[in-house]
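Colleague: Contents of input.pdb (PDB, C-alpha atoms and all ligand atoms):
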```
ATOM      1  CA  MET A   1      15.856 -26.234  -4.482
ATOM      2  CA  SER A   2      15.077 -24.268  -7.640
ATOM      3  CA  ALA A   3      15.135 -20.461  -7.512
ATOM      4  CA  PHE A   4      11.816 -18.814  -6.724
ATOM      5  CA  ASP A   5      10.158 -17.296  -9.825
ATOM      6  CA  LEU A   6       8.968 -13.924  -8.517
ATOM      7  CA  PRO A   7       7.737 -12.530 -11.884
ATOM      8  CA  ALA A   8       5.495 -15.597 -12.325
ATOM      9  CA  TYR A   9       4.285 -15.321  -8.712
ATOM     10  CA  LEU A  10       3.475 -11.604  -9.152
ATOM     11  CA  THR A  11       1.683 -12.170 -12.464
ATOM     12  CA  GLU A  12      -0.453 -14.965 -11.046
ATOM     13  CA  ARG A  13      -1.356 -13.102  -7.829
ATOM     14  CA  ARG A  14      -2.062  -9.855  -9.708
ATOM     15  CA  GLY A  15      -4.387 -11.833 -11.979
ATOM     16  CA  LEU A  16      -6.298 -13.185  -8.969
ATOM     17  CA  VAL A  17      -6.540  -9.750  -7.372
ATOM     18  CA  ASP A  18      -7.594  -7.992 -10.582
ATOM     19  CA  ALA A  19     -10.295 -10.585 -11.284
ATOM     20  CA  ALA A  20     -11.607 -10.263  -7.717
ATOM     21  CA  LEU A  21     -11.593  -6.437  -7.902
ATOM     22  CA  GLU A  22     -13.519  -6.671 -11.151
ATOM     23  CA  ARG A  23     -16.145  -8.772  -9.329
ATOM     24  CA  PHE A  24     -16.312  -6.660  -6.168
ATOM     25  CA  LEU A  25     -16.530  -3.186  -7.728
ATOM     26  CA  PRO A  26     -20.030  -2.126  -8.804
ATOM     27  CA  PRO A  27     -20.303  -2.013 -12.638
ATOM     28  CA  ASP A  28     -19.880   1.379 -14.320
ATOM     29  CA  ASP A  29     -23.558   1.770 -15.100
ATOM     30  CA  THR A  30     -24.802   1.049 -11.550
ATOM     31  CA  PRO A  31     -26.707   4.129 -10.339
ATOM     32  CA  PRO A  32     -25.364   6.668  -9.628
ATOM     33  CA  PRO A  33     -22.978   5.880 -12.509
ATOM     34  CA  THR A  34     -20.561   8.824 -12.172
ATOM     35  CA  VAL A  35     -19.166   7.734  -8.842
ATOM     36  CA  HIS A  36     -18.930   4.068  -9.855
ATOM     37  CA  ARG A  37     -17.074   5.062 -13.024
ATOM     38  CA  ALA A  38     -14.708   7.206 -10.942
ATOM     39  CA  MET A  39     -14.061   4.341  -8.492
ATOM     40  CA  ARG A  40     -13.282   1.905 -11.315
ATOM     41  CA  TYR A  41     -11.207   4.496 -13.194
ATOM     42  CA  SER A  42      -8.609   4.671 -10.426
ATOM     43  CA  VAL A  43      -8.731   1.101  -9.104
ATOM     44  CA  MET A  44      -8.544  -0.525 -12.536
ATOM     45  CA  ALA A  45      -5.817   1.855 -13.760
ATOM     46  CA  GLY A  46      -3.218  -0.742 -12.852
ATOM     47  CA  GLY A  47      -0.825  -0.334  -9.995
ATOM     48  CA  LYS A  48       1.534  -2.929  -8.623
ATOM     49  CA  ARG A  49      -1.105  -4.473  -6.299
ATOM     50  CA  LEU A  50       1.635  -4.729  -3.685
ATOM     51  CA  ARG A  51      -0.675  -4.517  -0.667
ATOM     52  CA  PRO A  52      -3.123  -7.254  -1.765
ATOM     53  CA  ILE A  53      -0.199  -9.449  -2.777
ATOM     54  CA  LEU A  54       1.244  -8.937   0.703
ATOM     55  CA  VAL A  55      -2.090 -10.025   2.228
ATOM     56  CA  ILE A  56      -1.777 -13.240   0.207
ATOM     57  CA  ALA A  57       1.912 -13.682   1.097
ATOM     58  CA  GLY A  58       1.062 -13.086   4.780
ATOM     59  CA  ALA A  59      -1.524 -15.852   4.603
ATOM     60  CA  GLU A  60       0.886 -18.178   2.813
ATOM     61  CA  ALA A  61       3.556 -17.581   5.465
ATOM     62  CA  VAL A  62       1.301 -19.279   8.025
ATOM     63  CA  GLY A  63       0.069 -22.028   5.696
ATOM     64  CA  GLY A  64      -2.999 -20.320   4.148
ATOM     65  CA  THR A  65      -4.093 -20.032   0.524
ATOM     66  CA  PRO A  66      -5.085 -16.999  -1.597
ATOM     67  CA  GLY A  67      -8.778 -17.992  -1.820
ATOM     68  CA  THR A  68      -9.392 -17.382   1.886
ATOM     69  CA  VAL A  69      -8.066 -13.855   1.854
ATOM     70  CA  LEU A  70      -9.017 -12.407  -1.552
ATOM     71  CA  PRO A  71     -11.849 -10.106  -0.320
ATOM     72  CA  ALA A  72      -9.574  -8.703   2.404
ATOM     73  CA  ALA A  73      -6.707  -8.396  -0.101
ATOM     74  CA  CYS A  74      -9.015  -6.316  -2.323
ATOM     75  CA  ALA A  75     -10.061  -4.256   0.705
ATOM     76  CA  LEU A  76      -6.423  -3.225   1.184
ATOM     77  CA  GLU A  77      -6.178  -2.168  -2.472
ATOM     78  CA  LEU A  78      -9.381  -0.104  -2.180
ATOM     79  CA  ILE A  79      -8.093   1.710   0.923
ATOM     80  CA  HIS A  80      -4.782   2.333  -0.839
ATOM     81  CA  THR A  81      -6.515   3.660  -3.980
ATOM     82  CA  TYR A  82      -8.744   5.951  -1.918
ATOM     83  CA  SER A  83      -5.613   7.417  -0.303
ATOM     84  CA  LEU A  84      -4.037   8.024  -3.717
ATOM     85  CA  ILE A  85      -7.172   9.781  -5.056
ATOM     86  CA  HIS A  86      -7.386  12.063  -2.016
ATOM     87  CA  ASP A  87      -3.629  12.654  -1.895
ATOM     88  CA  ASP A  88      -3.684  13.876  -5.516
ATOM     89  CA  LEU A  89      -6.398  16.507  -4.837
ATOM     90  CA  PRO A  90      -5.525  20.213  -5.129
ATOM     91  CA  ALA A  91      -5.947  20.588  -1.348
ATOM     92  CA  MET A  92      -3.208  18.003  -0.806
ATOM     93  CA  ASP A  93      -0.469  17.186  -3.339
ATOM     94  CA  ASP A  94      -2.258  18.649  -6.369
ATOM     95  CA  ASP A  95      -0.984  16.069  -8.870
ATOM     96  CA  ASP A  96      -2.074  15.641 -12.503
ATOM     97  CA  TYR A  97      -0.902  12.079 -13.183
ATOM     98  CA  ARG A  98      -1.241   8.805 -11.302
ATOM     99  CA  ARG A  99      -0.834   5.244 -12.502
ATOM    100  CA  GLY A 100       0.023   6.552 -15.947
ATOM    101  CA  ARG A 101      -3.210   8.489 -16.458
ATOM    102  CA  LEU A 102      -4.812  11.760 -15.439
ATOM    103  CA  THR A 103      -5.687  11.896 -11.757
ATOM    104  CA  ASN A 104      -9.257  11.209 -10.685
ATOM    105  CA  HIS A 105     -10.218  14.842  -9.999
ATOM    106  CA  LYS A 106      -8.808  15.923 -13.377
ATOM    107  CA  VAL A 107     -11.314  13.605 -15.078
ATOM    108  CA  PHE A 108     -14.325  13.604 -12.739
ATOM    109  CA  GLY A 109     -13.929  16.876 -10.827
ATOM    110  CA  GLU A 110     -13.022  17.371  -7.187
ATOM    111  CA  ALA A 111     -16.405  16.592  -5.652
ATOM    112  CA  ILE A 112     -16.747  13.209  -7.352
ATOM    113  CA  ALA A 113     -13.075  12.376  -6.648
ATOM    114  CA  ILE A 114     -13.620  13.027  -2.936
ATOM    115  CA  LEU A 115     -16.779  10.912  -2.953
ATOM    116  CA  ALA A 116     -15.162   8.101  -4.962
ATOM    117  CA  GLY A 117     -12.384   7.955  -2.338
ATOM    118  CA  ASP A 118     -14.935   7.914   0.482
ATOM    119  CA  ALA A 119     -16.878   5.156  -1.275
ATOM    120  CA  LEU A 120     -13.761   3.006  -1.797
ATOM    121  CA  LEU A 121     -12.868   3.259   1.891
ATOM    122  CA  THR A 122     -16.414   2.300   2.852
ATOM    123  CA  LEU A 123     -16.583  -0.571   0.362
ATOM    124  CA  ALA A 124     -13.330  -1.933   1.786
ATOM    125  CA  PHE A 125     -14.995  -2.574   5.158
ATOM    126  CA  ARG A 126     -18.006  -4.096   3.394
ATOM    127  CA  LEU A 127     -15.660  -6.509   1.606
ATOM    128  CA  VAL A 128     -14.124  -7.740   4.830
ATOM    129  CA  THR A 129     -17.498  -9.221   5.744
ATOM    130  CA  ASP A 130     -17.217 -11.351   2.593
ATOM    131  CA  THR A 131     -14.556 -13.380   4.378
ATOM    132  CA  THR A 132     -17.294 -14.602   6.779
ATOM    133  CA  ALA A 133     -17.986 -17.612   4.581
ATOM    134  CA  ARG A 134     -14.335 -18.569   4.749
ATOM    135  CA  VAL A 135     -13.447 -17.616   8.322
ATOM    136  CA  ASN A 136     -15.932 -18.937  10.817
ATOM    137  CA  ASP A 137     -14.635 -17.019  13.784
ATOM    138  CA  ALA A 138     -16.193 -13.627  14.508
ATOM    139  CA  ARG A 139     -13.202 -12.726  16.700
ATOM    140  CA  VAL A 140     -10.870 -12.983  13.721
ATOM    141  CA  LEU A 141     -13.110 -10.691  11.673
ATOM    142  CA  ARG A 142     -13.228  -8.218  14.554
ATOM    143  CA  ASP A 143      -9.414  -8.260  14.734
ATOM    144  CA  VAL A 144      -9.199  -7.658  10.982
ATOM    145  CA  VAL A 145     -11.571  -4.671  11.170
ATOM    146  CA  VAL A 146      -9.550  -3.202  14.054
ATOM    147  CA  GLU A 147      -6.352  -3.762  12.090
ATOM    148  CA  LEU A 148      -7.671  -1.956   9.004
ATOM    149  CA  ALA A 149      -9.266   0.921  10.922
ATOM    150  CA  ASP A 150      -6.126   1.562  12.980
ATOM    151  CA  ALA A 151      -3.834   1.350   9.954
ATOM    152  CA  ALA A 152      -5.978   3.655   7.802
ATOM    153  CA  GLY A 153      -6.997   6.199  10.442
ATOM    154  CA  THR A 154      -5.323   8.747  12.672
ATOM    155  CA  PHE A 155      -3.113   6.094  14.329
ATOM    156  CA  GLY A 156      -1.822   5.142  10.896
ATOM    157  CA  MET A 157      -2.032   6.533   7.372
ATOM    158  CA  VAL A 158      -4.157   9.633   8.055
ATOM    159  CA  GLY A 159      -1.981  10.476  11.088
ATOM    160  CA  GLY A 160       1.183  10.225   8.968
ATOM    161  CA  GLN A 161      -0.355  12.314   6.207
ATOM    162  CA  VAL A 162      -1.325  15.055   8.701
ATOM    163  CA  VAL A 163       2.222  15.313  10.071
ATOM    164  CA  ASP A 164       3.588  15.194   6.498
ATOM    165  CA  ILE A 165       1.392  18.116   5.413
ATOM    166  CA  GLU A 166       2.210  20.100   8.547
ATOM    167  CA  SER A 167       5.942  19.543   7.930
ATOM    168  CA  GLU A 168       6.018  20.917   4.369
ATOM    169  CA  GLY A 169       8.614  23.648   3.979
ATOM    170  CA  LYS A 170       9.924  23.103   7.530
ATOM    171  CA  ALA A 171      13.149  21.566   8.807
ATOM    172  CA  ILE A 172      12.198  18.366  10.619
ATOM    173  CA  THR A 173      14.154  15.815  12.618
ATOM    174  CA  ALA A 174      15.040  12.306  11.457
ATOM    175  CA  GLU A 175      12.611  10.981  14.099
ATOM    176  CA  THR A 176       9.698  12.997  12.699
ATOM    177  CA  LEU A 177      10.523  11.842   9.177
ATOM    178  CA  GLU A 178      10.560   8.208  10.314
ATOM    179  CA  TYR A 179       7.222   8.802  12.086
ATOM    180  CA  ILE A 180       5.712  10.166   8.853
ATOM    181  CA  HIS A 181       6.953   7.252   6.729
ATOM    182  CA  ARG A 182       6.052   4.548   9.255
ATOM    183  CA  HIS A 183       2.507   5.946   9.528
ATOM    184  CA  LYS A 184       1.709   7.351   6.091
ATOM    185  CA  THR A 185       3.020   4.348   4.168
ATOM    186  CA  ALA A 186       4.235   1.519   6.407
ATOM    187  CA  ALA A 187       1.043   1.223   8.503
ATOM    188  CA  LEU A 188      -0.974  -0.107   5.531
ATOM    189  CA  ILE A 189       1.818  -2.417   4.387
ATOM    190  CA  ARG A 190       2.174  -3.777   7.933
ATOM    191  CA  ALA A 191      -1.607  -4.249   8.143
ATOM    192  CA  SER A 192      -1.607  -6.117   4.808
ATOM    193  CA  LEU A 193       0.729  -8.797   6.163
ATOM    194  CA  ARG A 194      -0.994  -8.970   9.551
ATOM    195  CA  VAL A 195      -4.483  -9.286   8.008
ATOM    196  CA  GLY A 196      -3.285 -12.120   5.763
ATOM    197  CA  ALA A 197      -1.729 -13.969   8.701
ATOM    198  CA  LEU A 198      -4.775 -13.347  10.937
ATOM    199  CA  LEU A 199      -7.261 -14.657   8.363
ATOM    200  CA  ALA A 200      -5.143 -17.724   7.661
ATOM    201  CA  GLY A 201      -5.160 -18.669  11.341
ATOM    202  CA  GLY A 202      -1.739 -17.365  12.410
ATOM    203  CA  ASP A 203      -1.237 -17.219  16.192
ATOM    204  CA  ALA A 204      -0.390 -14.027  18.096
ATOM    205  CA  LYS A 205       3.367 -14.668  17.845
ATOM    206  CA  ALA A 206       3.228 -15.168  14.073
ATOM    207  CA  VAL A 207       1.053 -12.070  13.565
ATOM    208  CA  ALA A 208       3.415  -9.974  15.694
ATOM    209  CA  ALA A 209       6.512 -11.218  13.831
ATOM    210  CA  ILE A 210       5.016 -10.591  10.412
ATOM    211  CA  GLY A 211       3.801  -7.151  11.528
ATOM    212  CA  GLU A 212       7.333  -6.115  12.585
ATOM    213  CA  ALA A 213       8.594  -7.269   9.205
ATOM    214  CA  GLY A 214       5.783  -5.312   7.534
ATOM    215  CA  SER A 215       6.627  -2.069   9.291
ATOM    216  CA  ASP A 216      10.279  -2.298   8.175
ATOM    217  CA  LEU A 217       9.201  -3.325   4.676
ATOM    218  CA  GLY A 218       6.878  -0.314   4.521
ATOM    219  CA  LEU A 219       9.581   2.079   5.701
ATOM    220  CA  ALA A 220      12.008   0.667   3.121
ATOM    221  CA  PHE A 221       9.281   0.978   0.459
ATOM    222  CA  GLN A 222       8.813   4.680   1.218
ATOM    223  CA  ILE A 223      12.564   5.376   1.311
ATOM    224  CA  VAL A 224      12.848   3.748  -2.142
ATOM    225  CA  ASP A 225       9.854   5.852  -3.252
ATOM    226  CA  ASP A 226      11.687   8.989  -2.074
ATOM    227  CA  ILE A 227      14.780   7.894  -4.022
ATOM    228  CA  LEU A 228      12.723   7.169  -7.163
ATOM    229  CA  ASP A 229      11.153  10.621  -6.943
ATOM    230  CA  VAL A 230      14.691  12.004  -7.309
ATOM    231  CA  GLU A 231      15.925   9.538  -9.934
ATOM    232  CA  GLY A 232      12.844   8.267 -11.813
ATOM    233  CA  SER A 233      10.878   9.585 -14.804
ATOM    234  CA  LEU A 234       7.185  10.106 -15.582
ATOM    235  CA  GLU A 235       7.321   7.136 -17.997
ATOM    236  CA  GLU A 236       8.755   4.797 -15.352
ATOM    237  CA  LEU A 237       6.732   6.047 -12.410
ATOM    238  CA  GLY A 238       3.368   6.805 -14.047
ATOM    239  CA  LYS A 239       3.349  10.030 -12.002
ATOM    240  CA  THR A 240       5.392  13.217 -12.097
ATOM    241  CA  ALA A 241       8.934  12.767 -10.744
ATOM    242  CA  GLY A 242      10.671  15.489  -8.728
ATOM    243  CA  SER A 243       7.439  16.538  -7.047
ATOM    244  CA  ASP A 244       8.801  16.037  -3.501
ATOM    245  CA  ALA A 245      11.555  18.613  -4.043
ATOM    246  CA  ARG A 246       9.156  21.063  -5.703
ATOM    247  CA  LYS A 247       6.803  20.819  -2.738
ATOM    248  CA  GLN A 248       9.661  21.001  -0.250
ATOM    249  CA  LYS A 249       8.625  17.626   1.154
ATOM    250  CA  ALA A 250      10.587  16.010   3.917
ATOM    251  CA  THR A 251      12.225  12.949   2.340
ATOM    252  CA  TYR A 252      15.085  10.572   3.169
ATOM    253  CA  PRO A 253      17.343  11.824   0.331
ATOM    254  CA  ALA A 254      16.681  15.455   1.328
ATOM    255  CA  LEU A 255      17.530  14.795   4.977
ATOM    256  CA  HIS A 256      20.180  12.054   4.780
ATOM    257  CA  GLY A 257      21.463  12.154   1.176
ATOM    258  CA  LEU A 258      20.991   9.537  -1.558
ATOM    259  CA  GLU A 259      23.767   7.138  -0.528
ATOM    260  CA  ALA A 260      22.730   6.978   3.142
ATOM    261  CA  SER A 261      19.108   6.514   2.060
ATOM    262  CA  ARG A 262      20.059   3.559  -0.148
ATOM    263  CA  ARG A 263      22.074   2.047   2.729
ATOM    264  CA  GLN A 264      19.143   2.470   5.122
ATOM    265  CA  ALA A 265      16.721   0.796   2.685
ATOM    266  CA  ARG A 266      19.149  -2.125   2.203
ATOM    267  CA  MET A 267      19.570  -2.540   5.963
ATOM    268  CA  LEU A 268      15.795  -2.574   6.499
ATOM    269  CA  ILE A 269      15.254  -5.183   3.787
ATOM    270  CA  GLU A 270      17.899  -7.438   5.339
ATOM    271  CA  ARG A 271      16.088  -7.067   8.668
ATOM    272  CA  VAL A 272      12.728  -7.913   7.030
ATOM    273  CA  LYS A 273      14.217 -11.141   5.677
ATOM    274  CA  GLN A 274      15.618 -12.047   9.112
ATOM    275  CA  ARG A 275      12.277 -11.320  10.765
ATOM    276  CA  VAL A 276      10.437 -13.746   8.455
ATOM    277  CA  ASP A 277      13.008 -16.536   8.918
ATOM    278  CA  VAL A 278      10.695 -18.018  11.581
ATOM    279  CA  PHE A 279       8.264 -18.988   8.809
ATOM    280  CA  GLY A 280      10.877 -21.135   7.030
ATOM    281  CA  ALA A 281      10.157 -22.143   3.424
ATOM    282  CA  ARG A 282       6.642 -20.663   3.611
ATOM    283  CA  ALA A 283       8.189 -17.194   3.602
ATOM    284  CA  VAL A 284      10.079 -17.682   0.319
ATOM    285  CA  PRO A 285       7.621 -15.392  -1.570
ATOM    286  CA  LEU A 286       7.894 -12.797   1.192
ATOM    287  CA  ARG A 287      11.699 -12.750   1.005
ATOM    288  CA  ALA A 288      11.542 -12.332  -2.770
ATOM    289  CA  LEU A 289       8.965  -9.531  -2.369
ATOM    290  CA  ALA A 290      11.310  -7.769   0.057
ATOM    291  CA  ASP A 291      14.076  -7.805  -2.576
ATOM    292  CA  TYR A 292      11.586  -6.551  -5.161
ATOM    293  CA  VAL A 293      10.661  -3.566  -2.956
ATOM    294  CA  LEU A 294      14.344  -2.625  -2.825
ATOM    295  CA  GLU A 295      15.040  -3.086  -6.528
ATOM    296  CA  ARG A 296      11.819  -1.723  -8.041
ATOM    297  CA  LYS A 297      11.962   1.090 -10.597
ATOM    298  CA  SER A 298       8.302   2.146 -10.390
TER     299      SER A 298
HETATM  300  C1  LIG B   1      -5.166  11.225   1.772
HETATM  301  C2  LIG B   1      -5.899   9.985   3.839
HETATM  302  C3  LIG B   1      -4.891  10.281   2.856
HETATM  303  C4  LIG B   1      -3.719   9.675   2.969
HETATM  304  C5  LIG B   1      -2.697   9.863   2.024
HETATM  305  C6  LIG B   1      -0.727   7.010   1.402
HETATM  306  C7  LIG B   1      -0.985   8.454   1.274
HETATM  307  C8  LIG B   1      -1.479   9.138   2.428
HETATM  308  C9  LIG B   1      -0.865   9.142   0.131
HETATM  309  C10 LIG B   1      -0.531   8.566  -1.141
HETATM  310  C11 LIG B   1       0.624   9.267  -1.777
HETATM  311  C12 LIG B   1       1.911   8.751  -1.320
HETATM  312  C13 LIG B   1       3.155   9.370  -1.865
HETATM  313  C14 LIG B   1       1.948   7.786  -0.493
HETATM  314  C15 LIG B   1       3.089   7.147  -0.012
HETATM  315  C16 LIG B   1       2.894   5.715  -0.309
HETATM  316  C17 LIG B   1       3.124   5.451  -1.730
HETATM  317  C18 LIG B   1       4.506   5.491  -2.222
HETATM  318  C19 LIG B   1       2.104   5.171  -2.499
HETATM  319  C20 LIG B   1       2.215   4.701  -3.870
HETATM  320  O1  LIG B   1       2.083   3.329  -3.764
HETATM  321  P1  LIG B   1       2.461   2.327  -4.910
HETATM  322  O2  LIG B   1       3.812   2.683  -5.456
HETATM  323  O3  LIG B   1       1.358   2.670  -5.998
HETATM  324  O4  LIG B   1       2.286   0.947  -4.380
HETATM  325  P2  LIG B   1       0.620   1.702  -7.051
HETATM  326  O5  LIG B   1       0.025   2.646  -8.053
HETATM  327  O6  LIG B   1       1.646   0.776  -7.664
HETATM  328  O7  LIG B   1      -0.416   0.957  -6.272
END
```
Output the file's structure as structure tokens, nothing else.
Modeller:
Amino acid sequence: MSAFDLPAYLTERRGLVDAALERFLPPDDTPPPTVHRAMRYSVMAGGKRLRPILVIAGAEAVGGTPGTVLPAACALELIHTYSLIHDDLPAMDDDDYRRGRLTNHKVFGEAIAILAGDALLTLAFRLVTDTTARVNDARVLRDVVVELADAAGTFGMVGGQVVDIESEGKAITAETLEYIHRHKTAALIRASLRVGALLAGGDAKAVAAIGEAGSDLGLAFQIVDDILDVEGSLEELGKTAGSDARKQKATYPALHGLEASRRQARMLIERVKQRVDVFGARAVPLRALADYVLERKS
């Protein structure tokens, strides 16, 4: 069997996702234009598109194709972008750069940045209904909505962000740090894989297996992000490096040291690959994506 070409896979999937986002986002001049410009500014600023690509890979793992899941894949990217816009606000991380350009509030002001984030989150749920034509089972759509709401809300990303903010400047335990990372970051990554598998007709066992893999993948992703914040540069990351230390954030390198953090990320990625073994050859992209999460530089 020839080696899997991950760069080609990523380029092709990113192309599909970017074209779909272009279609789904209201044009810049749609009234009221300011907020639509602000939404497009952050979504179309690039980004790895990891979460939508994971939706596609989750579908492929159970025999599905990208076409069925593209609206939901875009929904995940919109929720992710909303979280970045709000996280960069002065009331939260107060960052000036994101995705290689000025943050949303620096360009559009805080009020519009807040509203653009709100609108992206809302549009995400609107997009999920666009899968109706492709998935004829209302129960599946209900499950997808539950999945997204739980992953984005207080049982997921928002919950993790709250504990993260409340932990700033404090000594926290390894358990609390894992809670923050598994909720703030891993919940959306886990949901990406589960939504893909759900929409492509995966059974409960398949969805559970891919979800476990997603949670470990998400935790590894955040540990690598913590490491990159220590080792990376503005040019590589497209955002300011070293900001975790400046804000006295609880991170894996701060709590466990760099070497132990690298070991932990490697162990998690190995476990992700074992967890997706049940999908056989259909999980080849997923295994390659797991390695990419470990080796990424941005
Ligand atoms: C504000 C409700 C609310 C939640 C914020 C996810 C999050 C919680 C904040 C975003 C900032 C942050 C450091 C999140 C951790 C996850 C993370 C590393 C996000 C960056 O994701 P990438 O690297 O970004 O996939 P791109 O730009 O490539 O999409």
Colleague: Quick one: everything within 9 Å of Ala149 of chain A, counting all atoms listed in the file, minus sequence neighbours fewer than 6 positions away in the same chain. Send it as a ChimeraX atom specification.
Modeller: /A:125,155-156
Colleague: Report, in Å with one decimal, the straight-line distance from atom CA of Arg287 of chain A to atom CA of Leu10 of chain A.
Modeller: 13.1 Å
Colleague: Could you write out as an NGL selection string the residues that the PyMOL selection byres (((chain A and resi 86-94) around 9) and not hetatm) matches in the shown file?
Modeller: :A and (81-85 or 95-98 or 103-106 or 110 or 113-114 or 117-118 or 161 or 165 or 243 or 247)
Colleague: Of the candidates A:Leu25, A:Leu258, A:Leu219, A:Ala241, which one gets nearest to Leu120 of chain A if we count only C-alpha atoms?
Modeller: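 Of A:Leu25, A:Leu258, A:Leu219, A:Ala241, the one nearest Leu120 of chain A is A:Leu25, counting only C-alpha atoms.
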Colleague: Please give me, as a list in words, the residues lying within 7 Å of ligand LIG 1 (chain B) when counting only C-alpha atoms and all ligand atoms.
Modeller: Gly46, Gly47, Lys48, Arg49, Leu50, His80, Ser83, Leu84, His86, Asp87, Arg99, Met157, Val158, Gln161, Lys184, Thr185, Gln222, Asp225 and Ser298 of chain A
Colleague: Any chance you can output those residues with C-alpha atoms as an mmCIF file, in the coordinates of the input?
Modeller:
```cif
data_model
loop_
_atom_site.group_PDB
_atom_site.id
_atom_site.type_symbol
_atom_site.label_atom_id
_atom_site.label_comp_id
_atom_site.auth_asym_id
_atom_site.auth_seq_id
_atom_site.Cartn_x
_atom_site.Cartn_y
_atom_site.Cartn_z
ATOM 1 C CA GLY A 46 -3.218 -0.742 -12.852
ATOM 2 C CA GLY A 47 -0.825 -0.334 -9.995
ATOM 3 C CA LYS A 48 1.534 -2.929 -8.623
ATOM 4 C CA ARG A 49 -1.105 -4.473 -6.299
ATOM 5 C CA LEU A 50 1.635 -4.729 -3.685
ATOM 6 C CA HIS A 80 -4.782 2.333 -0.839
ATOM 7 C CA SER A 83 -5.613 7.417 -0.303
ATOM 8 C CA LEU A 84 -4.037 8.024 -3.717
ATOM 9 C CA HIS A 86 -7.386 12.063 -2.016
ATOM 10 C CA ASP A 87 -3.629 12.654 -1.895
ATOM 11 C CA ARG A 99 -0.834 5.244 -12.502
ATOM 12 C CA MET A 157 -2.032 6.533 7.372
ATOM 13 C CA VAL A 158 -4.157 9.633 8.055
ATOM 14 C CA GLN A 161 -0.355 12.314 6.207
ATOM 15 C CA LYS A 184 1.709 7.351 6.091
ATOM 16 C CA THR A 185 3.020 4.348 4.168
ATOM 17 C CA GLN A 222 8.813 4.680 1.218
ATOM 18 C CA ASP A 225 9.854 5.852 -3.252
ATOM 19 C CA SER A 298 8.302 2.146 -10.390
#
```
Colleague: Please enclose the listed atoms of segment 39-46 of chain A in an axis-aligned box, pad each side by 4 Å, and write out the centre and the three edge lengths in Å, rounded to one decimal, as lines of an AutoDock Vina configuration file.
Modeller:
```
center_x = -8.6
center_y = 2.0
center_z = -11.1
size_x = 18.8
size_y = 13.4
size_z = 13.3
```
Colleague: Translate the PyMOL selection byres (((chain A and resi 141) around 9) and not hetatm), as applied to the file shown, into an explicit residue set as a count of residues only.
Modeller: 17
Colleague: Skip segment 280-286 of chain A itself and residues of its chain fewer than 6 positions away, then list as a count of residues only all residues within 12 Å of it, counting only C-alpha atoms.
Modeller: 39
Colleague: Taking the file as shown, what set of residues would the PyMOL selection byres (((chain A and resi 263) around 12) and not hetatm) give back, as a PDB file with C-alpha atoms, keeping the file's coordinate frame?
Modeller:
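For reference, selection-v7.pdb as written:
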```
ATOM      1  CA  ALA A 220      12.008   0.667   3.121  1.00  0.00           C
ATOM      2  CA  ILE A 223      12.564   5.376   1.311  1.00  0.00           C
ATOM      3  CA  VAL A 224      12.848   3.748  -2.142  1.00  0.00           C
ATOM      4  CA  ILE A 227      14.780   7.894  -4.022  1.00  0.00           C
ATOM      5  CA  TYR A 252      15.085  10.572   3.169  1.00  0.00           C
ATOM      6  CA  PRO A 253      17.343  11.824   0.331  1.00  0.00           C
ATOM      7  CA  HIS A 256      20.180  12.054   4.780  1.00  0.00           C
ATOM      8  CA  GLY A 257      21.463  12.154   1.176  1.00  0.00           C
ATOM      9  CA  LEU A 258      20.991   9.537  -1.558  1.00  0.00           C
ATOM     10  CA  GLU A 259      23.767   7.138  -0.528  1.00  0.00           C
ATOM     11  CA  ALA A 260      22.730   6.978   3.142  1.00  0.00           C
ATOM     12  CA  SER A 261      19.108   6.514   2.060  1.00  0.00           C
ATOM     13  CA  ARG A 262      20.059   3.559  -0.148  1.00  0.00           C
ATOM     14  CA  GLN A 264      19.143   2.470   5.122  1.00  0.00           C
ATOM     15  CA  ALA A 265      16.721   0.796   2.685  1.00  0.00           C
ATOM     16  CA  ARG A 266      19.149  -2.125   2.203  1.00  0.00           C
ATOM     17  CA  MET A 267      19.570  -2.540   5.963  1.00  0.00           C
ATOM     18  CA  LEU A 268      15.795  -2.574   6.499  1.00  0.00           C
ATOM     19  CA  ILE A 269      15.254  -5.183   3.787  1.00  0.00           C
ATOM     20  CA  GLU A 270      17.899  -7.438   5.339  1.00  0.00           C
ATOM     21  CA  LEU A 294      14.344  -2.625  -2.825  1.00  0.00           C
TER      22      LEU A 294
END
```
Colleague: Restricting the calculation to only C-alpha atoms, which member of A:Ala288, A:Glu212, A:Pro26, A:Arg246 is positioned closest to Tyr41 of chain A?
Modeller: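 Result for the nearest residue to Tyr41 of chain A: A:Pro26.
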Colleague: For a quick check of understanding, using all atoms listed in the file, which of A:Ile180, A:Ala191, A:Ala290, A:Leu16 has the smallest distance to Ala208 of chain A?
Modeller: A:Ala191
Colleague: Find, counting all atoms listed in the file, the residue in A:Phe108, A:Pro66, A:Glu175, A:Pro27 that gets nearest to Gly15 of chain A.
Modeller: A:Pro66
Colleague: Give me the residues near Asp244 of chain A as a PyMOL selection string, where near means some atom within 9 Å (using only C-alpha atoms) and where sequence neighbours in that chain fewer than 3 positions away do not count.
Modeller: chain A and resi 226+229-230+241+247-251
Colleague: Would you output that residue set with C-alpha atoms, as a short mmCIF file (atom, residue, chain, number, x, y, z; two decimals), keeping the file's coordinate frame?
Modeller:
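Result written to out20.cif:
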```cif
data_model
loop_
_atom_site.label_atom_id
_atom_site.label_comp_id
_atom_site.auth_asym_id
_atom_site.auth_seq_id
_atom_site.Cartn_x
_atom_site.Cartn_y
_atom_site.Cartn_z
CA ASP A 226 11.69 8.99 -2.07
CA ASP A 229 11.15 10.62 -6.94
CA VAL A 230 14.69 12.00 -7.31
CA ALA A 241 8.93 12.77 -10.74
CA LYS A 247 6.80 20.82 -2.74
CA GLN A 248 9.66 21.00 -0.25
CA LYS A 249 8.62 17.63 1.15
CA ALA A 250 10.59 16.01 3.92
CA THR A 251 12.22 12.95 2.34
#
```
